[in-house]
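S.K.: Pasting in a structure now, in structure tokens, and then I'll have a few things to ask.
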Amino acid sequence: MNKKLWYAHPDEAWMNGLPVGSGRLAAMVRNAEKKDVLSLNHEWLWRGKNRQRENITCANHLAEIRRLLQQEDFFRATALANAWLGGLGGISGLPGRVDAYQPAADLTLELPGTVGFERRELDISEGLVTACRRVLSSEGSEAILTSQFIAHAQDQRIYLHCHCPAAFEGFIVLSRTEDAELRSVQHLTSRRLSFSGSFPEGMTYVVQVDLDLDGQTEVCDEGIAFHDTRELLLSVQVTTSVMPDLPAASRQQFSYTCRDWPERLAIHRRFFSSVMNRMDIELDQEENPLPTDERIAALRAGASDETLLILAAHYGRYLLVASSMGSDLPANLQGKWNDAIKPPWECDYHFDINLQMNYWAAEATGLSECSEALFRYVLRMSEHGRKAARDLYGCRGVWLPIQTDAWGRATPESYGWSVWIGAAPWIAQHFWWHYLYHGDLDFLAGKAYPFLRDVALFYEDYCTYDEAGVVQIMPSQSPENRFAGTGHFPVSIGISSAMDVQLAYDALGYAIKAAGILGTDEEAVLRWQQLRDHLPPFAIGQDGRLLEWEKDRVEVEPGHRHLSHLY
């Protein structure tokens with residue numbers, strides 16, 4: 001199958017760009033008619049102002065919240081739970097403390113000699129974006145100018161390479177979206193563009209673009225002009241004050257030239273294809289030869305195109321590799337691609353499905369290395385998560401928030417949504433899956449089980465037995481739905497929502513099985529098994545539905561897009 005997204009027209013819109021990524025670095029490639037724009041990102045480029053935020057100690061309010069829940073005074077219980085356990089941001093009227101993921105800069109290559117646009121494509125099996133244009137030579141004839149873009153995992157650079165049989169000219173600019181809070185400095189030489197930025201009380205970073213070509217250059221006020229050129233290579237590096245991850249020597253001098261391009265491209269292709277080709281899906285069906293956007297439009301209109309669905313599946317794997325393979329941080333809400341200084345939901349980490357959903361395909365489709373960034377991130381956060389469990393709920397074990405950022409602080413920041421204990425047990429599923437797929441006892445003993453054990457310990461302290469001897473989880477919520485009687489809050493606080501019970505059942509099971517495999521914590525396993533055996537059974541409504549909460553309740557928004565009880 002031809003694993004390419006391709007388009008017969010140019011497009012300058014960021015949302016219609018073609019993404020490349022090395023895990024740590026990322027770029028959205030936009031191919032307009034007469035220019036290429038790379039919107040650049042680095043996984044550690046966040047504003048950084050609130051990276052040491054802390055919780056208040058409020059576990060003493062838990063008993064009162066539970067008393068109100070037992071009395072079915074859900075409005076007051078929800079209000080009190082949010083007041084103490086729900087965080088400072090959002091509808092409380094105070095600014096949230098979750099950092100926003102930031103764009104680094106835009107690298108623009110202007111090609112004024114273009115007389116026609118041929119096509120642009122992303123080869124997802126090789127991680128290669130290619131754009132072709134017609135340019136007018138000095139002799140008056142037309143020639144094809146080919147631009148190629150890769151994010152090189154081994155070099156940790158983003159490359160832009162242009163080649164044309166006829167001489168062409170252009171202009172290179174490095175800029176960033178206007179931002180009143182960013183202090184920035186630009187520096188230009190005949191072979192380099194650099195951009196330095198710093199946020200008050202936060203991060204600093206540097207974008208460096210090195211240039212090699214067979215023509216001439218001229219430094220102008222805003223960029224570098226070039227002419228009489230048949231081959232051009234731009235090499236992009238981004239470093240941050242948190243992760244100055246490139247040796248000083250490589251930042252000081254440009255290591256590669258146009259002569260090295262074939263070798264750099266070959267290394268990149270071999271690596272990317274070796275990862276992407278671990279899995280395939282085959283159908284005995286001819287592939288539709290139309291451009292990707294036309295195929296999508298036809299599918300929406302009712303046409304059948306099963307090979308397009310396979311292409312979409314491979315594209316999802318591609319995005320996971322490009323945003324996670326060899327990275328230090330896992331993929332965020334937008335992978336690693338963002339062009340906005342105020343992105344939707346801060347372009348952060350959401351533990352109430354989004355972060356998990358990013359990694360659902362990792363083990364099952366042969367991309368288990370991508371999960372390593374997720375595990376590092378969660379384990380790094382766990383130290384603060386153990387403190388949060390004590391401060392917020394008076395429990396041992398670990399508690400993780402519904403929303404956080406690169407700094408991995410376990411603080412509730414989404415007032416109205418944050419009173420939820422399901423984040424840690426849900427992400428525990430990925431630790432267990434990784435063990436199931438690989439049988440790696442070192443991973444189980446050193447990384448997975450310590451986290452699974454912490455999740456089980458939290459349940460030990462958090463769960464309560466009711467008068468009938470049934471284990472209840474409260475406060476409990478069903479992200480992100482609500483029932484009548486809880487006021488203006490966006491999520492209802494209740495008792496033993498179906499999802500919370502399912503999460504507890506699974507997570508306790510992971511800990512029990514892992515401890516058995518490792519031959520440890522026999523007494524704790526008996527307690528965890530006791531809890532698991534006494535969780536509430538699924539509740540079935542009068543109309544035969546699996547209930548989202550512990551009994552029939554009137555939904556404020558029937559048909560809500562979240563179906564959390566089907567976890």
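By convention here, the chains of the structure tokens are called A, B, ... in the order presented, each chain's residues are numbered starting at 1, and ligands are numbered starting at 1 in the order presented.
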Using backbone DSSP assignments, extract all helix (DSSP H, G or I) residues from range 24-120 of chain A; output them as a compact mmCIF listing (two decimals) with N, CA and C atoms, in the first residue's frame.

M.R.:
# COMPACT_ATOMS: atom_id res chain seq x y z
N ALA A 59 -7.06 17.52 53.45
CA ALA A 59 -7.66 16.20 53.60
C ALA A 59 -8.68 16.15 54.73
N ASN A 60 -8.60 17.07 55.65
CA ASN A 60 -9.53 17.07 56.79
C ASN A 60 -10.97 17.35 56.36
N HIS A 61 -11.17 17.85 55.15
CA HIS A 61 -12.53 18.15 54.66
C HIS A 61 -13.19 16.95 54.01
N LEU A 62 -12.45 15.87 53.84
CA LEU A 62 -12.98 14.72 53.12
C LEU A 62 -14.16 14.09 53.87
N ALA A 63 -14.08 14.01 55.19
CA ALA A 63 -15.16 13.39 55.97
C ALA A 63 -16.48 14.13 55.80
N GLU A 64 -16.43 15.47 55.78
CA GLU A 64 -17.65 16.26 55.62
C GLU A 64 -18.24 16.07 54.22
N ILE A 65 -17.40 16.01 53.21
CA ILE A 65 -17.88 15.78 51.84
C ILE A 65 -18.57 14.42 51.76
N ARG A 66 -17.98 13.42 52.38
CA ARG A 66 -18.58 12.07 52.35
C ARG A 66 -19.90 12.03 53.10
N ARG A 67 -19.99 12.74 54.20
CA ARG A 67 -21.24 12.77 54.96
C ARG A 67 -22.37 13.35 54.10
N LEU A 68 -22.08 14.42 53.37
CA LEU A 68 -23.07 15.03 52.49
C LEU A 68 -23.47 14.09 51.34
N LEU A 69 -22.50 13.36 50.82
CA LEU A 69 -22.81 12.40 49.76
C LEU A 69 -23.71 11.29 50.27
N GLN A 70 -23.44 10.79 51.46
CA GLN A 70 -24.27 9.73 52.04
C GLN A 70 -25.70 10.21 52.28
N PHE A 74 -26.19 16.27 47.07
CA PHE A 74 -25.13 16.30 46.06
C PHE A 74 -24.71 17.72 45.69
N PHE A 75 -25.62 18.66 45.79
CA PHE A 75 -25.24 20.04 45.48
C PHE A 75 -24.18 20.54 46.46
N ARG A 76 -24.45 20.38 47.75
CA ARG A 76 -23.48 20.88 48.74
C ARG A 76 -22.20 20.05 48.72
N ALA A 77 -22.33 18.74 48.47
CA ALA A 77 -21.14 17.89 48.40
C ALA A 77 -20.26 18.30 47.23
N THR A 78 -20.88 18.56 46.08
CA THR A 78 -20.11 18.97 44.90
C THR A 78 -19.46 20.33 45.14
N ALA A 79 -20.21 21.25 45.74
CA ALA A 79 -19.67 22.58 46.02
C ALA A 79 -18.49 22.50 46.98
N LEU A 80 -18.63 21.74 48.04
CA LEU A 80 -17.56 21.65 49.03
C LEU A 80 -16.35 20.90 48.45
N ALA A 81 -16.61 19.85 47.70
CA ALA A 81 -15.50 19.11 47.10
C ALA A 81 -14.70 19.99 46.15
N ASN A 82 -15.40 20.79 45.35
CA ASN A 82 -14.69 21.68 44.44
C ASN A 82 -13.96 22.79 45.18
N ALA A 83 -14.58 23.28 46.25
CA ALA A 83 -13.95 24.37 47.00
C ALA A 83 -12.61 23.95 47.58
N TRP A 84 -12.51 22.71 48.06
CA TRP A 84 -11.27 22.27 48.71
C TRP A 84 -10.38 21.40 47.82
N LEU A 85 -11.00 20.59 46.99
CA LEU A 85 -10.23 19.60 46.23
C LEU A 85 -10.15 19.91 44.74

S.K.: Quick one: residues within 8 Å of range 314-330 of chain A, only C-alpha atoms, excluding same-chain residues fewer than 5 positions away - as a tab-separated table (two decimals) with N, CA and C atoms, in the first residue's frame?

M.R.:
chain	number	residue	atom	x	y	z
A	3	LYS	N	1.71	4.48	1.33
A	3	LYS	CA	1.38	5.16	2.59
A	3	LYS	C	1.75	6.65	2.49
A	19	PRO	N	2.92	17.25	9.27
A	19	PRO	CA	3.80	17.24	10.45
A	19	PRO	C	4.99	16.32	10.30
A	20	VAL	N	6.13	16.78	10.81
A	20	VAL	CA	7.31	15.93	10.99
A	20	VAL	C	7.76	16.07	12.43
A	21	GLY	N	8.42	15.04	12.96
A	21	GLY	CA	8.86	15.11	14.34
A	21	GLY	C	9.92	14.08	14.64
A	22	SER	N	10.83	14.45	15.54
A	22	SER	CA	11.88	13.53	15.98
A	22	SER	C	11.65	13.06	17.41
A	23	GLY	N	10.43	13.26	17.93
A	23	GLY	CA	10.16	13.00	19.33
A	23	GLY	C	10.40	14.24	20.16
A	24	ARG	N	11.60	14.77	20.11
A	24	ARG	CA	11.95	15.97	20.87
A	24	ARG	C	11.62	17.24	20.09
A	26	ALA	N	9.75	19.12	16.62
A	26	ALA	CA	8.62	18.93	15.73
A	26	ALA	C	8.48	20.16	14.84
A	43	GLU	N	9.79	19.90	22.60
A	43	GLU	CA	8.90	19.31	23.61
A	43	GLU	C	9.00	19.97	24.98
A	44	TRP	N	10.15	20.58	25.32
A	44	TRP	CA	10.32	21.20	26.63
A	44	TRP	C	10.09	22.72	26.60
A	124	ILE	N	4.38	8.66	5.07
A	124	ILE	CA	4.38	8.32	6.48
A	124	ILE	C	5.20	7.08	6.77
A	125	SER	N	5.59	6.33	5.76
A	125	SER	CA	6.46	5.18	5.99
A	125	SER	C	7.92	5.60	6.11
A	127	GLY	N	8.68	9.18	6.97
A	127	GLY	CA	8.77	10.43	7.71
A	127	GLY	C	9.31	11.57	6.85
A	153	ALA	N	15.88	11.93	13.89
A	153	ALA	CA	15.93	11.47	15.28
A	153	ALA	C	17.37	11.33	15.78
A	276	MET	N	8.10	2.02	11.20
A	276	MET	CA	6.75	2.06	10.64
A	276	MET	C	6.35	0.73	9.99
A	335	GLY	N	0.05	16.34	20.27
A	335	GLY	CA	1.28	15.65	19.91
A	335	GLY	C	2.47	16.47	20.37
A	336	LYS	N	3.21	17.03	19.42
A	336	LYS	CA	4.25	18.01	19.74
A	336	LYS	C	4.13	19.24	18.83
A	358	ASN	N	-3.57	8.69	23.35
A	358	ASN	CA	-2.37	8.85	22.53
A	358	ASN	C	-1.59	7.55	22.41
A	359	TYR	N	-1.63	6.72	23.46
A	359	TYR	CA	-0.76	5.55	23.54
A	359	TYR	C	-1.49	4.22	23.44
A	361	ALA	N	-2.31	2.65	20.86
A	361	ALA	CA	-1.77	1.84	19.77
A	361	ALA	C	-0.32	1.44	19.97
A	362	ALA	N	0.33	1.94	21.01
A	362	ALA	CA	1.78	1.75	21.13
A	362	ALA	C	2.17	0.28	21.19
A	365	THR	N	0.58	-2.15	18.10
A	365	THR	CA	1.01	-1.97	16.71
A	365	THR	C	2.53	-1.88	16.58
A	367	LEU	N	4.94	-0.39	18.51
A	367	LEU	CA	5.62	0.88	18.79
A	367	LEU	C	5.88	1.04	20.29
A	369	GLU	N	8.45	1.26	22.10
A	369	GLU	CA	9.44	2.25	22.54
A	369	GLU	C	8.80	3.63	22.78
A	370	CYS	N	7.72	3.90	22.07
A	370	CYS	CA	7.04	5.18	22.24
A	370	CYS	C	6.49	5.34	23.67
A	371	SER	N	6.16	4.21	24.30
A	371	SER	CA	5.62	4.27	25.66
A	371	SER	C	6.66	4.67	26.69
A	373	ALA	N	8.59	7.22	26.96
A	373	ALA	CA	8.44	8.62	27.38
A	373	ALA	C	7.28	8.77	28.35
A	374	LEU	N	6.19	8.04	28.09
A	374	LEU	CA	5.04	8.09	28.99
A	374	LEU	C	5.42	7.56	30.37
A	376	ARG	N	8.42	7.33	31.79
A	376	ARG	CA	9.34	8.27	32.46
A	376	ARG	C	8.59	9.44	33.06
A	377	TYR	N	7.67	9.97	32.30
A	377	TYR	CA	6.91	11.14	32.75
A	377	TYR	C	6.08	10.80	33.98
A	406	ALA	N	4.20	19.91	31.50
A	406	ALA	CA	5.51	19.26	31.40
A	406	ALA	C	6.18	19.06	32.75

S.K.: I'd like the contact shell of range 460-465 of chain A - 9 Å cut-off, only C-alpha atoms, skipping same-chain residues fewer than 5 positions apart - returned as number ranges by chain.

M.R.: A: 393-397, 455, 470-474, 527-528, 531, 534

S.K.: If you run DSSP on this backbone, which residues of range 227-416 of chain A come out as strand (DSSP E), and could you give them as a ChimeraX atom specification?

M.R.: /A:227-240,349-350,403-404

S.K.: Please dump the current selection as a short mmCIF file (atom, residue, chain, number, x, y, z; two decimals), in the first residue's frame; keep N, CA, C and O atoms.

M.R.:
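File produced: part06.cif:
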data_model
loop_
_atom_site.label_atom_id
_atom_site.label_comp_id
_atom_site.auth_asym_id
_atom_site.auth_seq_id
_atom_site.Cartn_x
_atom_site.Cartn_y
_atom_site.Cartn_z
N HIS A 227 20.83 33.71 -4.01
CA HIS A 227 20.57 33.67 -5.45
C HIS A 227 21.63 32.79 -6.12
O HIS A 227 22.60 32.37 -5.50
N ASP A 228 21.40 32.51 -7.43
CA ASP A 228 22.27 31.64 -8.21
C ASP A 228 22.48 30.29 -7.51
O ASP A 228 23.58 29.76 -7.45
N THR A 229 21.39 29.73 -7.01
CA THR A 229 21.46 28.52 -6.18
C THR A 229 20.72 27.37 -6.86
O THR A 229 19.62 27.53 -7.38
N ARG A 230 21.34 26.21 -6.84
CA ARG A 230 20.70 24.98 -7.32
C ARG A 230 20.44 23.99 -6.18
O ARG A 230 19.60 23.11 -6.31
N GLU A 231 21.17 24.13 -5.09
CA GLU A 231 20.99 23.24 -3.94
C GLU A 231 21.14 24.04 -2.66
O GLU A 231 22.08 24.85 -2.53
N LEU A 232 20.22 23.79 -1.73
CA LEU A 232 20.17 24.54 -0.47
C LEU A 232 19.85 23.57 0.65
O LEU A 232 18.98 22.70 0.51
N LEU A 233 20.55 23.70 1.78
CA LEU A 233 20.27 22.87 2.96
C LEU A 233 20.17 23.77 4.18
O LEU A 233 21.10 24.53 4.48
N LEU A 234 19.05 23.69 4.88
CA LEU A 234 18.86 24.38 6.15
C LEU A 234 18.79 23.34 7.26
O LEU A 234 18.06 22.35 7.16
N SER A 235 19.55 23.56 8.33
CA SER A 235 19.57 22.67 9.49
C SER A 235 19.08 23.45 10.70
O SER A 235 19.62 24.51 11.01
N VAL A 236 18.05 22.92 11.38
CA VAL A 236 17.40 23.63 12.47
C VAL A 236 17.65 22.90 13.78
O VAL A 236 17.43 21.70 13.89
N GLN A 237 18.10 23.65 14.78
CA GLN A 237 18.24 23.14 16.14
C GLN A 237 17.45 24.03 17.09
O GLN A 237 17.37 25.25 16.89
N VAL A 238 16.86 23.43 18.11
CA VAL A 238 16.18 24.19 19.16
C VAL A 238 16.67 23.64 20.50
O VAL A 238 16.70 22.43 20.71
N THR A 239 17.09 24.53 21.38
CA THR A 239 17.50 24.13 22.73
C THR A 239 16.75 24.97 23.75
O THR A 239 16.33 26.10 23.46
N THR A 240 16.55 24.42 24.93
CA THR A 240 15.84 25.13 26.00
C THR A 240 16.66 25.10 27.28
O THR A 240 17.57 24.27 27.44
N TYR A 349 -1.41 18.06 29.24
CA TYR A 349 -1.65 16.63 29.44
C TYR A 349 -2.96 16.44 30.19
O TYR A 349 -3.11 16.92 31.31
N HIS A 350 -3.90 15.75 29.56
CA HIS A 350 -5.18 15.43 30.18
C HIS A 350 -5.22 13.94 30.47
O HIS A 350 -5.14 13.11 29.55
N GLN A 403 -5.46 17.13 34.92
CA GLN A 403 -4.81 18.02 33.95
C GLN A 403 -3.48 18.49 34.53
O GLN A 403 -3.41 18.92 35.69
N THR A 404 -2.41 18.42 33.74
CA THR A 404 -1.13 18.94 34.19
C THR A 404 -0.28 19.29 32.98
O THR A 404 -0.78 19.32 31.85
#

S.K.: Using only C-alpha atoms, determine which residues lie at most 10 Å from Val207 in chain A, disregarding the query and same-chain residues fewer than 2 positions distant; provide the list as a list in words.

M.R.: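 Non-adjacent residues within range: Leu40, Asn41, His42, Ala104, Ala105, Asp106, Leu107, Leu174, Ser175, Gln186, Leu193, Ser194, Phe195, Ser196, Gly197, Tyr205, Val209, Val236, Gln237, Val238, Thr239, Thr240 and Arg251 of chain A.
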
S.K.: Between A:Cys58, A:Ile421, A:Ala100, A:Ala389, which is the closest to Leu333 in chain A once you count only C-alpha atoms?

M.R.: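 Using only C-alpha atoms, Leu333 in chain A sits closest to A:Ala100.
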
S.K.: Can you tell me, as a ChimeraX atom specification, what residues are no more than 6 Å from range 337-345 of chain A when counting only C-alpha atoms, ignoring any on the same chain fewer than 3 positions away?

M.R.: /A:102-103,334

S.K.: Using only C-alpha atoms, find each residue of range 57-121 of chain A with at least one atom at most 9 Å away from an atom of range 133-146 of chain A; report its shortest atom-to-atom pair and that distance in Å (one decimal), sort the rows by chain and rising residue number, and return the result as CSV.

M.R.:
residue,atom,partner,partner_atom,distance
A:Leu111,CA,A:Val135,CA,8.6
A:Pro112,CA,A:Val135,CA,8.7
A:Gly113,CA,A:Val135,CA,5.4
A:Thr114,CA,A:Val135,CA,4.4
A:Val115,CA,A:Val135,CA,5.4
A:Gly116,CA,A:Arg134,CA,5.0
A:Phe117,CA,A:Arg133,CA,4.4
A:Glu118,CA,A:Arg133,CA,5.2
A:Arg119,CA,A:Arg133,CA,7.3

S.K.: Using only C-alpha atoms, which residues sit within 8 Å of Ser147 in chain A once same-chain residues fewer than 5 positions away are excluded, as number ranges by chain?

M.R.: A: 130-132, 160-163

S.K.: Select, from A:His9, A:Lys4, A:Arg561, A:Arg259, the residue with the minimum atom-to-atom distance to Ala312 in chain A, counting only C-alpha atoms.

M.R.: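 For Ala312 in chain A, the nearest of the given residues is A:Lys4.
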
S.K.: How far is it from CA of Asn354 in chain A to CA of Asn332 in chain A, in Å with one decimal?

M.R.: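 So the answer is 8.2 Å.
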
S.K.: Nearest to Phe199 in chain A among A:Asp293, A:Asp99, A:Asp440, A:Asp280, with distances taken over only C-alpha atoms: which residue is it?

M.R.: A:Asp99

S.K.: Hey, which of A:Gly485, A:Leu563, A:Trp420, A:Pro536 ends up closest to Ala468 in chain A? Count only C-alpha atoms.

M.R.: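 The answer is A:Pro536, which sits nearest to Ala468 in chain A.
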
S.K.: Between CA of Ala456 in chain A and CA of Ala507 in chain A, what is the distance in Å, rounded to a tenth?

M.R.: 6.9 Å
